[in-house]
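One file, data12.csv, is given below (CSV, C-alpha atoms and all ligand atoms).
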```
chain,number,residue,atom,x,y,z
T,1,MET,CA,-14.3,-6.3,-1.0
T,2,GLU,CA,-14.9,-3.3,-3.3
T,3,THR,CA,-12.4,-0.4,-3.2
T,4,VAL,CA,-13.6,3.2,-3.3
T,5,LEU,CA,-11.4,6.1,-4.2
T,6,VAL,CA,-12.4,9.1,-2.1
T,7,THR,CA,-11.1,12.3,-3.5
T,8,GLY,CA,-11.2,15.1,-0.9
T,9,GLY,CA,-11.4,12.3,1.7
T,10,ALA,CA,-9.5,14.3,4.3
T,11,GLY,CA,-12.2,17.1,4.4
T,12,TYR,CA,-15.2,17.5,6.7
T,13,ILE,CA,-17.7,15.3,4.8
T,14,GLY,CA,-15.0,13.1,3.2
T,15,SER,CA,-13.4,12.1,6.5
T,16,HIS,CA,-16.7,11.0,8.1
T,17,THR,CA,-17.6,9.1,4.9
T,18,VAL,CA,-14.3,7.3,4.9
T,19,LEU,CA,-15.1,6.0,8.4
T,20,ASP,CA,-18.6,5.0,7.4
T,21,LEU,CA,-17.4,3.2,4.3
T,22,ILE,CA,-14.8,1.2,6.3
T,23,LYS,CA,-17.5,0.3,8.9
T,24,LYS,CA,-19.7,-0.9,6.1
T,25,GLY,CA,-16.9,-3.2,4.7
T,26,PHE,CA,-15.5,-1.2,1.9
T,27,ASP,CA,-11.8,-0.6,1.2
T,28,VAL,CA,-10.9,3.0,0.9
T,29,ILE,CA,-8.2,5.0,-0.8
T,30,ILE,CA,-8.0,8.8,-0.2
T,31,ALA,CA,-6.7,11.3,-2.7
T,32,ASP,CA,-6.5,14.9,-1.3
T,33,ASP,CA,-4.2,17.8,-1.9
T,34,PHE,CA,-4.8,19.0,1.7
T,35,SER,CA,-5.6,22.5,0.4
T,36,ASN,CA,-8.5,22.7,2.9
T,37,SER,CA,-7.6,20.0,5.3
T,38,SER,CA,-4.9,18.6,7.5
T,39,LYS,CA,-2.7,15.6,7.1
T,40,LYS,CA,-3.4,14.9,10.7
T,41,VAL,CA,-6.8,13.7,9.6
T,42,ILE,CA,-5.3,10.6,8.1
T,43,SER,CA,-3.6,9.4,11.3
T,44,ILE,CA,-6.8,10.2,13.3
T,45,LEU,CA,-8.9,8.2,10.8
T,46,GLU,CA,-6.4,5.3,11.1
T,47,LYS,CA,-6.8,5.4,14.8
T,48,LEU,CA,-10.6,5.5,14.8
T,49,ALA,CA,-10.8,2.8,12.1
T,50,ASP,CA,-8.0,0.8,13.7
T,51,ARG,CA,-6.4,0.1,10.4
T,52,LYS,CA,-4.0,1.6,7.8
T,53,ILE,CA,-5.6,3.9,5.3
T,54,LYS,CA,-3.8,4.3,1.9
T,55,TYR,CA,-3.7,7.9,0.8
T,56,TYR,CA,-2.2,10.0,-2.0
T,57,GLU,CA,-1.3,13.7,-1.7
T,58,LEU,CA,-2.6,14.8,-5.0
T,59,ASP,CA,-4.5,17.6,-6.7
T,60,ILE,CA,-7.1,15.8,-8.8
T,61,ARG,CA,-6.4,18.2,-11.7
T,62,ASN,CA,-3.0,16.4,-12.1
T,63,LYS,CA,-4.0,13.8,-14.7
T,64,GLU,CA,-0.7,11.8,-14.6
T,65,GLY,CA,-0.9,11.6,-10.8
T,66,LEU,CA,-4.5,10.3,-11.0
T,67,ARG,CA,-3.5,7.7,-13.6
T,68,GLU,CA,-0.9,6.4,-11.3
T,69,ILE,CA,-3.6,5.8,-8.6
T,70,PHE,CA,-5.8,3.9,-11.0
T,71,LYS,CA,-2.8,1.9,-12.3
T,72,GLU,CA,-1.6,0.9,-8.8
T,73,ASN,CA,-5.0,0.0,-7.4
T,74,LYS,CA,-8.1,-1.8,-8.6
T,75,ILE,CA,-10.8,0.8,-8.0
T,76,ASP,CA,-14.5,-0.1,-8.2
T,77,ALA,CA,-16.1,3.3,-7.6
T,78,VAL,CA,-15.2,6.9,-6.9
T,79,ILE,CA,-16.7,9.5,-4.5
T,80,ASN,CA,-15.6,13.0,-5.5
T,81,PHE,CA,-15.6,15.5,-2.6
T,82,ALA,CA,-12.6,17.5,-3.9
T,83,GLY,CA,-13.5,21.1,-4.5
T,84,TYR,CA,-13.8,24.5,-3.0
T,85,LYS,CA,-17.0,25.4,-1.2
T,86,ALA,CA,-17.0,29.0,0.2
T,87,VAL,CA,-19.7,31.0,-1.5
T,88,GLY,CA,-18.3,34.4,-0.7
T,89,GLU,CA,-14.8,33.5,-1.9
T,90,SER,CA,-16.3,32.1,-5.1
T,91,VAL,CA,-17.7,35.6,-5.8
T,92,GLU,CA,-14.3,37.2,-5.3
T,93,LYS,CA,-12.3,34.5,-7.1
T,94,PRO,CA,-14.6,32.9,-9.7
T,95,LEU,CA,-11.7,31.6,-11.9
T,96,MET,CA,-10.2,29.8,-9.0
T,97,TYR,CA,-13.6,28.0,-8.3
T,98,TYR,CA,-14.3,27.2,-12.0
T,99,ASP,CA,-10.8,25.9,-12.4
T,100,ASN,CA,-10.7,23.7,-9.3
T,101,ASN,CA,-14.2,22.4,-9.2
T,102,LEU,CA,-14.9,22.0,-13.0
T,103,ILE,CA,-11.4,21.0,-14.2
T,104,GLY,CA,-10.9,18.7,-11.2
T,105,MET,CA,-14.2,16.9,-12.0
T,106,ILE,CA,-13.5,16.7,-15.8
T,107,VAL,CA,-9.9,15.3,-15.3
T,108,LEU,CA,-11.2,12.7,-12.9
T,109,LEU,CA,-14.0,11.6,-15.3
T,110,GLU,CA,-11.5,11.3,-18.1
T,111,VAL,CA,-9.2,9.1,-16.1
T,112,MET,CA,-12.1,7.0,-14.8
T,113,GLU,CA,-13.2,6.5,-18.4
T,114,GLU,CA,-9.7,5.5,-19.4
T,115,PHE,CA,-9.6,2.8,-16.7
T,116,SER,CA,-13.3,1.8,-17.3
T,117,VAL,CA,-14.3,2.8,-13.8
T,118,LYS,CA,-17.7,4.2,-14.3
T,119,LYS,CA,-19.4,4.4,-10.9
T,120,LEU,CA,-19.4,7.8,-9.4
T,121,VAL,CA,-20.9,9.6,-6.4
T,122,PHE,CA,-20.6,13.4,-6.7
T,123,SER,CA,-21.0,16.0,-3.9
T,124,SER,CA,-23.6,18.3,-5.2
T,125,SER,CA,-25.6,20.7,-3.1
T,126,ALA,CA,-29.1,22.0,-2.4
T,127,THR,CA,-27.7,25.2,-3.9
T,128,VAL,CA,-28.5,23.8,-7.4
T,129,TYR,CA,-32.2,24.6,-6.7
T,130,GLY,CA,-31.3,28.3,-7.0
T,131,ILE,CA,-34.2,30.3,-5.7
T,132,PRO,CA,-36.9,27.7,-4.9
T,133,LYS,CA,-40.4,28.2,-6.2
T,134,ALA,CA,-41.8,25.7,-3.8
T,135,ILE,CA,-40.8,23.9,-0.6
T,136,PRO,CA,-40.0,21.1,0.2
T,137,LEU,CA,-37.4,20.8,-2.5
T,138,VAL,CA,-37.8,17.7,-4.7
T,139,GLU,CA,-35.2,16.4,-7.1
T,140,ASP,CA,-37.1,17.2,-10.3
T,141,ASN,CA,-37.6,20.9,-9.3
T,142,ASP,CA,-36.2,23.6,-11.5
T,143,MET,CA,-32.5,24.3,-11.1
T,144,GLY,CA,-30.6,27.5,-10.8
T,145,ALA,CA,-27.6,29.1,-9.1
T,146,THR,CA,-27.0,32.4,-7.4
T,147,ASN,CA,-23.2,32.5,-7.2
T,148,PRO,CA,-20.1,31.0,-8.9
T,149,TYR,CA,-19.8,28.2,-6.4
T,150,GLY,CA,-23.4,27.2,-7.0
T,151,ARG,CA,-22.8,27.4,-10.7
T,152,THR,CA,-19.9,25.0,-10.5
T,153,LYS,CA,-22.2,22.4,-8.9
T,154,LEU,CA,-24.9,23.1,-11.5
T,155,MET,CA,-22.5,22.9,-14.4
T,156,ILE,CA,-21.0,19.6,-13.1
T,157,GLU,CA,-24.5,18.1,-12.8
T,158,HIS,CA,-25.1,19.0,-16.4
T,159,ILE,CA,-21.8,17.5,-17.4
T,160,LEU,CA,-22.7,14.3,-15.6
T,161,VAL,CA,-26.1,14.1,-17.2
T,162,ASP,CA,-24.6,14.6,-20.7
T,163,LEU,CA,-21.9,12.0,-20.0
T,164,ALA,CA,-24.4,9.4,-18.8
T,165,ALA,CA,-26.6,10.1,-21.9
T,166,SER,CA,-23.6,9.6,-24.2
T,167,ASP,CA,-22.6,6.2,-22.7
T,168,ASN,CA,-25.0,4.0,-20.8
T,169,SER,CA,-22.3,2.2,-18.9
T,170,TRP,CA,-21.9,5.2,-16.6
T,171,GLU,CA,-23.6,4.9,-13.2
T,172,ILE,CA,-23.6,8.3,-11.5
T,173,ILE,CA,-25.3,9.6,-8.3
T,174,ALA,CA,-25.2,13.4,-7.5
T,175,LEU,CA,-26.0,13.8,-3.9
T,176,ARG,CA,-27.6,17.1,-3.1
T,177,TYR,CA,-26.6,17.9,0.4
T,178,PHE,CA,-28.6,20.2,2.6
T,179,ASN,CA,-26.8,21.7,5.7
T,180,PRO,CA,-24.4,19.3,7.3
T,181,LEU,CA,-24.0,19.7,11.0
T,182,GLY,CA,-22.3,17.8,13.9
T,183,ALA,CA,-19.2,15.7,14.2
T,184,HIS,CA,-18.1,12.1,14.9
T,185,GLU,CA,-19.0,11.1,18.4
T,186,SER,CA,-15.3,10.8,19.3
T,187,GLY,CA,-14.8,14.5,18.9
T,188,GLU,CA,-11.6,13.8,17.0
T,189,ILE,CA,-12.8,14.8,13.6
T,190,GLY,CA,-15.1,17.6,12.7
T,191,GLU,CA,-15.5,20.8,10.6
T,192,ASP,CA,-12.4,23.0,10.7
T,193,PRO,CA,-13.0,26.1,8.6
T,194,ASN,CA,-10.2,28.4,7.6
T,195,GLY,CA,-10.4,31.9,9.2
T,196,ILE,CA,-13.7,33.3,10.4
T,197,PRO,CA,-16.5,30.8,9.6
T,198,ASN,CA,-19.1,31.7,7.0
T,199,ASN,CA,-21.5,29.0,8.1
T,200,LEU,CA,-23.9,29.2,11.0
T,201,ALA,CA,-22.8,26.2,13.2
T,202,PRO,CA,-19.0,26.7,13.2
T,203,TYR,CA,-19.7,30.4,13.9
T,204,ILE,CA,-21.9,29.6,16.9
T,205,THR,CA,-19.4,27.0,18.3
T,206,GLN,CA,-16.5,29.5,18.0
T,207,VAL,CA,-18.6,32.0,19.9
T,208,ALA,CA,-19.3,29.4,22.5
T,209,VAL,CA,-15.6,28.5,22.9
T,210,GLY,CA,-14.7,32.2,23.2
T,211,LYS,CA,-12.9,32.7,19.9
T,212,LEU,CA,-15.6,35.0,18.5
T,213,GLU,CA,-17.6,37.6,20.5
T,214,LYS,CA,-21.1,37.2,19.2
T,215,LEU,CA,-23.2,35.8,16.4
T,216,SER,CA,-24.8,38.0,13.9
T,217,VAL,CA,-28.2,36.6,12.9
T,218,PHE,CA,-28.7,37.7,9.3
T,219,GLY,CA,-32.2,39.0,9.2
T,220,ASP,CA,-35.3,38.4,11.5
T,221,ASP,CA,-37.8,39.9,9.1
T,222,TYR,CA,-38.3,36.9,6.8
T,223,ASP,CA,-41.8,35.5,6.3
T,224,THR,CA,-41.1,32.6,8.8
T,225,PRO,CA,-42.5,31.9,12.3
T,226,ASP,CA,-39.7,33.7,14.1
T,227,GLY,CA,-38.6,35.8,11.2
T,228,THR,CA,-35.2,34.0,10.7
T,229,CYS,CA,-34.3,31.7,7.8
T,230,ILE,CA,-35.1,28.0,7.9
T,231,ARG,CA,-32.7,25.3,6.9
T,232,ASP,CA,-32.6,21.5,6.8
T,233,PHE,CA,-29.7,20.3,9.0
T,234,ILE,CA,-28.4,16.8,8.6
T,235,HIS,CA,-26.0,15.0,10.9
T,236,ILE,CA,-22.6,14.4,9.3
T,237,ASN,CA,-22.8,10.7,10.1
T,238,ASP,CA,-26.2,10.4,8.4
T,239,LEU,CA,-24.8,12.2,5.4
T,240,ALA,CA,-21.8,9.9,5.4
T,241,ALA,CA,-24.1,6.9,5.6
T,242,GLY,CA,-25.9,8.3,2.5
T,243,HIS,CA,-22.6,7.9,0.6
T,244,SER,CA,-22.1,4.3,1.7
T,245,ALA,CA,-25.7,3.5,0.7
T,246,SER,CA,-25.1,5.2,-2.7
T,247,ILE,CA,-21.9,3.1,-3.2
T,248,LYS,CA,-23.7,0.0,-2.2
T,249,TYR,CA,-26.5,0.8,-4.7
T,250,LEU,CA,-23.9,1.4,-7.5
T,251,VAL,CA,-21.8,-1.7,-6.9
T,252,SER,CA,-24.9,-3.9,-6.7
T,253,GLY,CA,-25.5,-2.9,-10.3
T,254,LYS,CA,-28.8,-1.1,-9.5
T,255,GLY,CA,-27.6,2.2,-10.8
T,256,LYS,CA,-28.3,3.2,-14.4
T,257,GLY,CA,-27.3,6.5,-15.9
T,258,PHE,CA,-27.6,9.6,-13.7
T,259,GLU,CA,-29.6,10.1,-10.5
T,260,ALA,CA,-29.8,13.2,-8.4
T,261,ILE,CA,-30.7,12.5,-4.8
T,262,ASN,CA,-31.4,14.9,-1.9
T,263,LEU,CA,-29.7,14.2,1.4
T,264,GLY,CA,-31.3,16.1,4.2
T,265,SER,CA,-33.3,15.4,7.3
T,266,GLY,CA,-36.5,16.6,5.6
T,267,LYS,CA,-37.1,19.0,8.6
T,268,GLY,CA,-36.6,22.7,8.8
T,269,TYR,CA,-35.2,24.6,11.8
T,270,SER,CA,-34.8,28.3,12.0
T,271,VAL,CA,-31.6,30.1,12.8
T,272,LEU,CA,-32.9,31.0,16.3
T,273,GLU,CA,-34.0,27.4,16.9
T,274,ILE,CA,-30.4,26.4,16.1
T,275,VAL,CA,-29.0,29.0,18.5
T,276,ALA,CA,-31.4,27.7,21.2
T,277,ASN,CA,-30.3,24.1,20.6
T,278,PHE,CA,-26.7,25.0,20.9
T,279,GLU,CA,-27.4,26.9,24.1
T,280,LYS,CA,-28.8,23.6,25.5
T,281,ALA,CA,-25.7,21.7,24.2
T,282,VAL,CA,-23.2,24.2,25.5
T,283,GLY,CA,-25.1,25.0,28.8
T,284,LYS,CA,-24.8,28.7,28.4
T,285,LYS,CA,-26.2,31.6,26.4
T,286,ILE,CA,-24.9,32.3,22.9
T,287,PRO,CA,-24.6,36.1,22.6
T,288,TYR,CA,-26.1,37.3,19.3
T,289,VAL,CA,-27.3,40.4,17.6
T,290,ILE,CA,-29.8,40.8,14.8
T,291,ALA,CA,-28.0,42.0,11.7
T,292,GLY,CA,-29.3,42.8,8.2
T,293,ARG,CA,-30.1,40.1,5.7
T,294,ARG,CA,-27.2,38.4,4.0
T,295,ALA,CA,-27.3,38.9,0.2
T,296,GLY,CA,-28.3,35.8,-1.6
T,297,ASP,CA,-29.9,34.0,1.4
T,298,ILE,CA,-33.0,31.9,0.6
T,299,PRO,CA,-35.7,32.3,3.3
T,300,VAL,CA,-36.7,28.6,3.6
T,301,SER,CA,-34.9,25.5,2.4
T,302,TYR,CA,-35.6,21.9,3.3
T,303,ALA,CA,-35.7,18.7,1.4
T,304,ARG,CA,-38.1,16.0,0.5
T,305,ILE,CA,-36.1,12.8,1.1
T,306,ASP,CA,-38.4,10.1,-0.2
T,307,LYS,CA,-36.1,9.4,-3.1
T,308,ALA,CA,-33.1,8.6,-0.9
T,309,LYS,CA,-35.3,6.4,1.3
T,310,LYS,CA,-36.7,4.5,-1.6
T,311,LEU,CA,-33.6,4.1,-3.8
T,312,LEU,CA,-30.9,3.9,-1.3
T,313,ASN,CA,-32.8,2.4,1.6
T,314,TRP,CA,-31.4,5.2,3.7
T,315,GLU,CA,-32.9,7.2,6.6
T,316,PRO,CA,-31.6,10.0,8.8
T,317,THR,CA,-31.3,8.9,12.4
T,318,TYR,CA,-29.8,11.8,14.4
T,319,THR,CA,-31.8,14.5,16.2
T,320,ILE,CA,-31.0,18.2,16.1
T,321,GLU,CA,-30.0,17.9,19.8
T,322,GLN,CA,-27.4,15.3,18.9
T,323,MET,CA,-26.1,17.3,15.9
T,324,CYS,CA,-25.5,20.4,18.2
T,325,ALA,CA,-24.1,18.3,21.0
T,326,ASN,CA,-21.6,16.5,18.7
T,327,SER,CA,-20.6,19.7,17.0
T,328,TRP,CA,-19.9,21.3,20.4
T,329,ASN,CA,-18.0,18.3,21.6
T,330,TRP,CA,-15.6,18.6,18.6
T,331,GLN,CA,-15.2,22.4,19.1
T,332,LYS,CA,-14.6,22.1,22.9
T,333,LYS,CA,-12.0,19.4,22.4
T,334,ASN,CA,-10.3,21.2,19.5
T,335,PRO,CA,-10.8,25.0,19.9
T,336,ASN,CA,-8.4,25.6,17.1
T,337,GLY,CA,-9.5,22.6,15.0
T,338,TYR,CA,-6.6,20.5,13.7
T,339,LYS,CA,-4.1,23.2,14.6
T,340,ASP,CA,-4.4,22.0,18.2
T,401,LIG,P1,-13.8,20.4,2.7
T,401,LIG,O1,-13.2,21.6,2.2
T,401,LIG,O2,-13.7,20.1,4.2
T,401,LIG,O3,-13.3,19.1,1.9
T,401,LIG,C1,-12.9,19.2,0.6
T,401,LIG,C2,-11.6,18.4,0.5
T,401,LIG,O4,-11.1,18.4,-0.8
T,401,LIG,C3,-10.5,19.1,1.3
T,401,LIG,O5,-9.8,18.1,2.1
T,401,LIG,C4,-9.5,19.7,0.3
T,401,LIG,O6,-8.2,19.7,0.8
T,401,LIG,C5,-9.8,18.8,-0.9
T,401,LIG,N1,-9.5,19.4,-2.2
T,401,LIG,C6,-10.0,20.5,-2.7
T,401,LIG,N2,-9.5,20.7,-4.0
T,401,LIG,C7,-8.9,19.6,-4.3
T,401,LIG,C8,-8.2,19.1,-5.5
T,401,LIG,N3,-8.2,19.9,-6.6
T,401,LIG,N4,-7.6,17.9,-5.4
T,401,LIG,C9,-7.6,17.2,-4.3
T,401,LIG,N5,-8.2,17.5,-3.2
T,401,LIG,C10,-8.8,18.7,-3.2
T,401,LIG,O7,-15.4,20.5,2.3
T,401,LIG,P2,-16.6,19.6,2.8
T,401,LIG,O8,-17.5,20.4,3.6
T,401,LIG,O9,-16.1,18.3,3.3
T,401,LIG,O10,-17.3,19.4,1.4
T,401,LIG,C11,-17.0,18.3,0.5
T,401,LIG,C12,-17.7,18.5,-0.8
T,401,LIG,O11,-19.1,18.7,-0.5
T,401,LIG,C13,-17.4,19.8,-1.6
T,401,LIG,O12,-17.3,19.5,-2.9
T,401,LIG,C14,-18.5,20.8,-1.3
T,401,LIG,O13,-18.7,21.7,-2.3
T,401,LIG,C15,-19.7,19.8,-1.1
T,401,LIG,N6,-20.7,20.4,-0.3
T,401,LIG,C16,-20.4,20.8,1.0
T,401,LIG,C17,-21.5,21.4,1.8
T,401,LIG,C18,-21.2,21.8,3.2
T,401,LIG,O14,-22.0,22.6,3.7
T,401,LIG,N7,-20.1,21.4,3.8
T,401,LIG,C19,-22.8,21.5,1.3
T,401,LIG,C20,-23.0,21.0,0.0
T,401,LIG,C21,-22.0,20.5,-0.8
T,402,LIG,N1,-26.4,32.7,9.3
T,402,LIG,C1,-26.4,33.7,10.3
T,402,LIG,N2,-25.2,34.1,10.8
T,402,LIG,C2,-24.0,33.6,10.4
T,402,LIG,C3,-24.0,32.5,9.5
T,402,LIG,C4,-25.2,32.1,8.9
T,402,LIG,O1,-27.5,34.2,10.6
T,402,LIG,O2,-23.0,34.0,10.9
T,402,LIG,C5,-27.7,32.2,8.8
T,402,LIG,C6,-27.7,32.4,7.3
T,402,LIG,O3,-28.2,33.7,7.0
T,402,LIG,C7,-28.7,31.3,6.8
T,402,LIG,C8,-28.4,30.2,7.8
T,402,LIG,O4,-27.8,30.8,8.9
T,402,LIG,O5,-30.0,31.8,7.0
T,402,LIG,C9,-27.6,29.1,7.3
T,402,LIG,O6,-26.4,29.7,6.7
T,402,LIG,P1,-25.1,28.9,6.3
T,402,LIG,O7,-24.1,29.8,5.7
T,402,LIG,O8,-24.7,28.0,7.4
T,402,LIG,O9,-25.7,27.9,5.2
T,402,LIG,P2,-26.4,28.1,3.8
T,402,LIG,O10,-27.7,27.5,3.9
T,402,LIG,O11,-26.3,29.5,3.4
T,402,LIG,O12,-25.5,27.4,2.8
T,402,LIG,C10,-25.0,26.0,3.0
T,402,LIG,C11,-23.6,25.9,2.4
T,402,LIG,C12,-23.7,26.0,0.9
T,402,LIG,C13,-24.7,25.0,0.4
T,402,LIG,C14,-26.0,25.2,1.1
T,402,LIG,C15,-27.0,24.1,0.7
T,402,LIG,O13,-22.7,26.9,2.8
T,402,LIG,O14,-22.4,25.7,0.3
T,402,LIG,O15,-25.8,25.1,2.5
T,402,LIG,O16,-26.4,22.9,0.9
T,402,LIG,F1,-24.8,25.2,-0.9
```
As structure tokens, how would this structure be written, given the file I've shared?
Ligand code: NAD
Ligand code: UFG
Amino acid sequence: METVLVTGGAGYIGSHTVLDLIKKGFDVIIADDFSNSSKKVISILEKLADRKIKYYELDIRNKEGLREIFKENKIDAVINFAGYKAVGESVEKPLMYYDNNLIGMIVLLEVMEEFSVKKLVFSSSATVYGIPKAIPLVEDNDMGATNPYGRTKLMIEHILVDLAASDNSWEIIALRYFNPLGAHESGEIGEDPNGIPNNLAPYITQVAVGKLEKLSVFGDDYDTPDGTCIRDFIHINDLAAGHSASIKYLVSGKGKGFEAINLGSGKGYSVLEIVANFEKAVGKKIPYVIAGRRAGDIPVSYARIDKAKKLLNWEPTYTIEQMCANSWNWQKKNPNGYKD
């Protein structure tokens, strides 16, 4: 049984991935500093997986601490979720973002190299396409970034490409996520943003649960059928399964060098279509107002997912209805997230 070190494994995507990896027969070790997650997640994961899960409370920039993990365990591959992800905050605190995301990744790579563990899956993002010239987005499209957060993802991808070119024993997959949505069916783990959510889905569910008054729809004058932006939403369990498939690909020795792979549903839904789907899931109207455009928003973003299908033998399986229903189930059961 291969062992996967999951850094940032207590977070939204990490926690769902840990469950999926265990389901697929991998052994998992979590390293998380809980800077944007709760320790409660570990015991919930243990309950859902019906087994003990080894974890370390560690900032991955702490090289000595990371070395201890590699000394104490035989690790076959690593998934790095550890990083900050709020676009607006990255504009206000760029150094904090460059420090955590870049230094964290570099220290982790250095320690992996020291211990000859050279299979890595990295959390990248559709944000590395910058302002797209054509849709759907394909992996070999031009890259760019429009904010410090996006630049950390872009820079890390460049670092990974350089590293793989310097030493052909590295096997690296950068997964470019589109918009994750939904939660585990149990409603016991889900997305738990700090403060007022920046992202669409948690904002809507917090309106639905009565914590926020109404949604602001950022712009209805885009060149799209209903005037609102279009995004590619992917169920969190499908996204998690994409990581297990990537690990399976790497440990089977198929991976060579660096690959960037889109993980999305391949379909686009507008902001108002998402509101309508949540209204169905919740069973009541979601109050909203049309507000001005949000700076930096791209009108339309969705993925071509042929590469993931071909290389990883992976396919998204959940519908938008299931994504909204699961997302609402989590919020309804945990109006205050893990603070409940
Ligand atoms: P999250 O904040 O829920 O999870 C990140 C986890 O990493 C948290 O548990 C946090 O405590 C931990 N962490 C942060 N810095 C750390 C450090 N230095 N050392 C150890 N642990 C640290 O975020 P998420 O939504 O699960 O995202 C996971 C990754 O995927 C991030 O890198 C994010 O940038 C990327 N991503 C997310 C989205 C999205 O929409 N959620 C989209 C594209 C990419
Ligand atoms: N939106 C609203 N009102 C809100 C929040 C969002 O109308 O209160 C709209 C946005 O304008 C956008 C759409 O909903 O048109 C989606 O916005 P999100 O903030 O949920 O997601 P983004 O597509 O802007 O960005 C997300 C992550 C990024 C990541 C990107 C691509 O936040 O980190 O997906 O993966 F890079």
Hey, which residues come within 6 Å of ligand LIG 402 (chain T) if we count all atoms listed in the file? Could you give them as a short mmCIF file (atom, residue, chain, number, x, y, z; two decimals) with C-alpha atoms, in the frame of the given file?
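As written to disk, pocket-v2.cif reads:
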```cif
data_model
loop_
_atom_site.label_atom_id
_atom_site.label_comp_id
_atom_site.auth_asym_id
_atom_site.auth_seq_id
_atom_site.Cartn_x
_atom_site.Cartn_y
_atom_site.Cartn_z
CA LYS T 85 -17.00 25.40 -1.20
CA SER T 125 -25.60 20.70 -3.10
CA ALA T 126 -29.10 22.00 -2.40
CA THR T 127 -27.70 25.20 -3.90
CA TYR T 177 -26.60 17.90 0.40
CA PHE T 178 -28.60 20.20 2.60
CA ASN T 179 -26.80 21.70 5.70
CA ASN T 198 -19.10 31.70 7.00
CA ASN T 199 -21.50 29.00 8.10
CA LEU T 200 -23.90 29.20 11.00
CA TYR T 203 -19.70 30.40 13.90
CA LEU T 215 -23.20 35.80 16.40
CA SER T 216 -24.80 38.00 13.90
CA VAL T 217 -28.20 36.60 12.90
CA PHE T 218 -28.70 37.70 9.30
CA CYS T 229 -34.30 31.70 7.80
CA VAL T 271 -31.60 30.10 12.80
CA ARG T 294 -27.20 38.40 4.00
CA ASP T 297 -29.90 34.00 1.40
#
```
Problem - Within 8 Å of Leu120 in chain T using all atoms listed in the file, minus same-chain residues under 2 positions, as a ChimeraX atom specification - result: /T:77-80,118,122,171-173
Problem - Nearest candidate to Gly210 in chain T (options T:Ser15, T:Asn336, T:Ser244, T:Thr3; using only C-alpha atoms) - result: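 Ranking T:Ser15, T:Asn336, T:Ser244, T:Thr3 by distance to Gly210 in chain T, first place goes to T:Asn336.
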Problem - CA of Ala10 in chain T to CA of Val41 in chain T, straight-line distance in Å - result: 6.0 Å
Return the padded bounding box of ligand LIG 401 (chain T) as JSON: axis-aligned, built from all atoms listed in the file, 5 Å added on each side, with centre and edge lengths in Å to one decimal.
```
{"center_x": -15.3, "center_y": 19.9, "center_z": -1.2, "size_x": 25.4, "size_y": 15.4, "size_z": 20.8}
```
Exercise for the section: For CA of Ile234 in chain T and CA of Glu279 in chain T, quote the distance in Å rounded to one decimal. Expected result: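 Taking CA of Ile234 in chain T and CA of Glu279 in chain T, their separation equals 18.5 Å.
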